[in-house]
>>> print(open('my_file13.pdb').read())   # PDB, C-alpha atoms
ATOM      1  CA  PHE A   1       0.000   0.000   0.000  1.00  0.00           C
ATOM      2  CA  TRP A   2       2.701   2.507   0.992  1.00  0.00           C
ATOM      3  CA  PHE A   3       4.608   1.714  -2.171  1.00  0.00           C
ATOM      4  CA  VAL A   4       1.787   1.443  -4.715  1.00  0.00           C
ATOM      5  CA  ILE A   5      -0.068   4.691  -3.891  1.00  0.00           C
ATOM      6  CA  PRO A   6       2.993   7.009  -4.236  1.00  0.00           C
ATOM      7  CA  VAL A   7       3.932   5.296  -7.507  1.00  0.00           C
ATOM      8  CA  ILE A   8       0.435   5.773  -8.934  1.00  0.00           C
ATOM      9  CA  VAL A   9       0.287   9.404  -7.777  1.00  0.00           C
ATOM     10  CA  GLY A  10       3.758  10.031  -9.209  1.00  0.00           C
ATOM     11  CA  ILE A  11       2.813   8.533 -12.565  1.00  0.00           C
ATOM     12  CA  ALA A  12      -0.403  10.575 -12.639  1.00  0.00           C
ATOM     13  CA  ILE A  13       1.425  13.835 -11.881  1.00  0.00           C
ATOM     14  CA  PHE A  14       4.070  13.025 -14.490  1.00  0.00           C
ATOM     15  CA  ASN A  15       1.405  12.201 -17.079  1.00  0.00           C
ATOM     16  CA  PHE A  16      -0.590  15.394 -16.446  1.00  0.00           C
ATOM     17  CA  SER A  17       2.536  17.532 -16.603  1.00  0.00           C
ATOM     18  CA  LEU A  18       3.412  16.138 -20.054  1.00  0.00           C
ATOM     19  CA  ASN A  19       0.054  17.066 -21.582  1.00  0.00           C
ATOM     20  CA  ASP A  20       1.179  20.627 -22.335  1.00  0.00           C
ATOM     21  CA  TYR A  21       4.926  20.186 -22.501  1.00  0.00           C
ATOM     22  CA  GLY A  22       6.597  23.475 -23.352  1.00  0.00           C
ATOM     23  CA  LEU A  23       3.217  25.264 -23.156  1.00  0.00           C
ATOM     24  CA  ARG A  24       2.689  24.465 -26.825  1.00  0.00           C
ATOM     25  CA  SER A  25      -1.098  24.406 -26.735  1.00  0.00           C
ATOM     26  CA  TRP A  26      -1.113  27.656 -24.732  1.00  0.00           C
ATOM     27  CA  SER A  27       1.025  29.408 -27.339  1.00  0.00           C
ATOM     28  CA  GLU A  28      -1.166  28.129 -30.163  1.00  0.00           C
ATOM     29  CA  ARG A  29      -4.316  29.385 -28.410  1.00  0.00           C
ATOM     30  CA  GLU A  30      -2.697  32.754 -27.758  1.00  0.00           C
ATOM     31  CA  ALA A  31      -1.622  33.059 -31.407  1.00  0.00           C
ATOM     32  CA  ARG A  32      -5.158  32.272 -32.596  1.00  0.00           C
ATOM     33  CA  LEU A  33      -6.604  34.908 -30.246  1.00  0.00           C
ATOM     34  CA  VAL A  34      -4.184  37.534 -31.556  1.00  0.00           C
ATOM     35  CA  MET A  35      -4.966  36.558 -35.165  1.00  0.00           C
ATOM     36  CA  GLU A  36      -8.722  36.845 -34.564  1.00  0.00           C
ATOM     37  CA  GLU A  37      -8.269  40.216 -32.876  1.00  0.00           C
ATOM     38  CA  ARG A  38      -6.196  41.548 -35.785  1.00  0.00           C
ATOM     39  CA  GLU A  39      -8.748  40.198 -38.304  1.00  0.00           C
ATOM     40  CA  LYS A  40     -11.562  42.045 -36.514  1.00  0.00           C
ATOM     41  CA  LYS A  41      -9.556  45.289 -36.674  1.00  0.00           C
ATOM     42  CA  GLY A  42      -8.761  44.716 -40.357  1.00  0.00           C
ATOM     43  CA  LEU A  43      -5.006  44.529 -39.744  1.00  0.00           C
ATOM     44  CA  PRO A  44      -2.582  42.064 -41.334  1.00  0.00           C
ATOM     45  CA  TYR A  45      -1.235  39.276 -39.141  1.00  0.00           C
ATOM     46  CA  VAL A  46       2.288  40.703 -39.282  1.00  0.00           C
ATOM     47  CA  GLU A  47       3.141  44.312 -39.984  1.00  0.00           C
ATOM     48  CA  LYS A  48       5.523  45.077 -42.845  1.00  0.00           C
ATOM     49  CA  ASN A  49       7.498  47.387 -40.563  1.00  0.00           C
ATOM     50  CA  TYR A  50       7.642  45.457 -37.299  1.00  0.00           C
ATOM     51  CA  ILE A  51       9.959  48.187 -35.977  1.00  0.00           C
ATOM     52  CA  ASP A  52       9.338  51.823 -36.843  1.00  0.00           C
ATOM     53  CA  PRO A  53      11.894  52.663 -39.584  1.00  0.00           C
ATOM     54  CA  SER A  54      12.405  56.152 -38.148  1.00  0.00           C
ATOM     55  CA  LYS A  55      13.880  54.579 -34.994  1.00  0.00           C
ATOM     56  CA  ILE A  56      16.532  52.588 -36.883  1.00  0.00           C
ATOM     57  CA  GLU A  57      19.909  54.273 -37.274  1.00  0.00           C
ATOM     58  CA  LEU A  58      21.927  52.949 -40.199  1.00  0.00           C
ATOM     59  CA  PRO A  59      25.647  53.608 -40.587  1.00  0.00           C
ATOM     60  CA  SER A  60      26.761  56.183 -43.120  1.00  0.00           C
ATOM     61  CA  GLU A  61      28.415  55.282 -46.428  1.00  0.00           C
ATOM     62  CA  GLU A  62      31.800  56.420 -45.067  1.00  0.00           C
ATOM     63  CA  ASP A  63      31.484  54.044 -42.114  1.00  0.00           C
ATOM     64  CA  ILE A  64      30.580  51.165 -44.406  1.00  0.00           C
ATOM     65  CA  GLU A  65      33.493  51.869 -46.736  1.00  0.00           C
ATOM     66  CA  ALA A  66      35.891  51.926 -43.773  1.00  0.00           C
ATOM     67  CA  TRP A  67      34.948  48.353 -42.854  1.00  0.00           C
ATOM     68  CA  ASP A  68      36.964  45.608 -44.478  1.00  0.00           C
ATOM     69  CA  VAL A  69      34.217  43.252 -45.618  1.00  0.00           C
ATOM     70  CA  LYS A  70      35.095  40.154 -47.595  1.00  0.00           C
ATOM     71  CA  ILE A  71      32.302  38.226 -49.245  1.00  0.00           C
ATOM     72  CA  LYS A  72      33.052  34.664 -50.307  1.00  0.00           C
ATOM     73  CA  ILE A  73      30.770  33.068 -52.833  1.00  0.00           C
TER      74      ILE A  73
END
>>> encode(input="my_file13.pdb", output="structure tokens")
Amino acid sequence: FWFVIPVIVGIAIFNFSLNDYGLRSWSEREARLVMEEREKKGLPYVEKNYIDPSKIELPSEEDIEAWDVKIKI
């Protein structure tokens, strides 16, 4: 009795914890909710400009020319 009950409870806990391993079903549900919300607002699923282009600072041409870049094809 003292051996069988803990083994059964341990197996049950282990089995229930594997049902959503890595929270996969949670992430899928969350993604579907976000997709439905964006559909209702008439927005695309993913924005073309995920980051506002005005916030991105690119190096100048002089900086790029100063770098020694070797491209192997």
>>> atom_distance(input="my_file13.pdb", atom1="atom CA of A:Leu43", atom2="atom CA of A:Lys55")
21.9 Å
>>> atom_distance(input="my_file13.pdb", atom1="atom CA of A:Trp67", atom2="atom CA of A:Asp52")
26.5 Å
>>> atom_distance(input="my_file13.pdb", atom1="atom CA of A:Phe14", atom2="atom CA of A:Glu30")
24.7 Å
>>> decode(input="my_file13.pdb", residues="stretch 49-60 of chain A", atoms="N, CA and C atoms", output="PDB file, in the first residue's frame")
ATOM      1  N   ASN A  49       6.461  46.741 -41.367  1.00  0.00           N
ATOM      2  CA  ASN A  49       7.498  47.387 -40.563  1.00  0.00           C
ATOM      3  C   ASN A  49       7.258  47.033 -39.103  1.00  0.00           C
ATOM      4  N   TYR A  50       7.813  45.904 -38.680  1.00  0.00           N
ATOM      5  CA  TYR A  50       7.642  45.457 -37.299  1.00  0.00           C
ATOM      6  C   TYR A  50       8.223  46.488 -36.340  1.00  0.00           C
ATOM      7  N   ILE A  51       9.335  47.107 -36.739  1.00  0.00           N
ATOM      8  CA  ILE A  51       9.959  48.187 -35.977  1.00  0.00           C
ATOM      9  C   ILE A  51       9.815  49.448 -36.812  1.00  0.00           C
ATOM     10  N   ASP A  52       9.500  50.544 -36.155  1.00  0.00           N
ATOM     11  CA  ASP A  52       9.338  51.823 -36.843  1.00  0.00           C
ATOM     12  C   ASP A  52      10.649  52.193 -37.528  1.00  0.00           C
ATOM     13  N   PRO A  53      10.652  52.365 -38.865  1.00  0.00           N
ATOM     14  CA  PRO A  53      11.894  52.663 -39.584  1.00  0.00           C
ATOM     15  C   PRO A  53      12.563  53.963 -39.136  1.00  0.00           C
ATOM     16  N   SER A  54      11.794  54.895 -38.593  1.00  0.00           N
ATOM     17  CA  SER A  54      12.405  56.152 -38.148  1.00  0.00           C
ATOM     18  C   SER A  54      13.266  55.952 -36.902  1.00  0.00           C
ATOM     19  N   LYS A  55      13.091  54.852 -36.201  1.00  0.00           N
ATOM     20  CA  LYS A  55      13.880  54.579 -34.994  1.00  0.00           C
ATOM     21  C   LYS A  55      15.175  53.824 -35.294  1.00  0.00           C
ATOM     22  N   ILE A  56      15.349  53.358 -36.514  1.00  0.00           N
ATOM     23  CA  ILE A  56      16.532  52.588 -36.883  1.00  0.00           C
ATOM     24  C   ILE A  56      17.599  53.541 -37.399  1.00  0.00           C
ATOM     25  N   GLU A  57      18.791  53.443 -36.834  1.00  0.00           N
ATOM     26  CA  GLU A  57      19.909  54.273 -37.274  1.00  0.00           C
ATOM     27  C   GLU A  57      20.885  53.407 -38.068  1.00  0.00           C
ATOM     28  N   LEU A  58      21.013  53.698 -39.338  1.00  0.00           N
ATOM     29  CA  LEU A  58      21.927  52.949 -40.199  1.00  0.00           C
ATOM     30  C   LEU A  58      23.263  53.683 -40.271  1.00  0.00           C
ATOM     31  N   PRO A  59      24.342  52.951 -40.465  1.00  0.00           N
ATOM     32  CA  PRO A  59      25.647  53.608 -40.587  1.00  0.00           C
ATOM     33  C   PRO A  59      25.738  54.380 -41.899  1.00  0.00           C
ATOM     34  N   SER A  60      26.594  55.374 -41.912  1.00  0.00           N
ATOM     35  CA  SER A  60      26.761  56.183 -43.120  1.00  0.00           C
ATOM     36  C   SER A  60      27.604  55.415 -44.139  1.00  0.00           C
TER      37      SER A  60
END
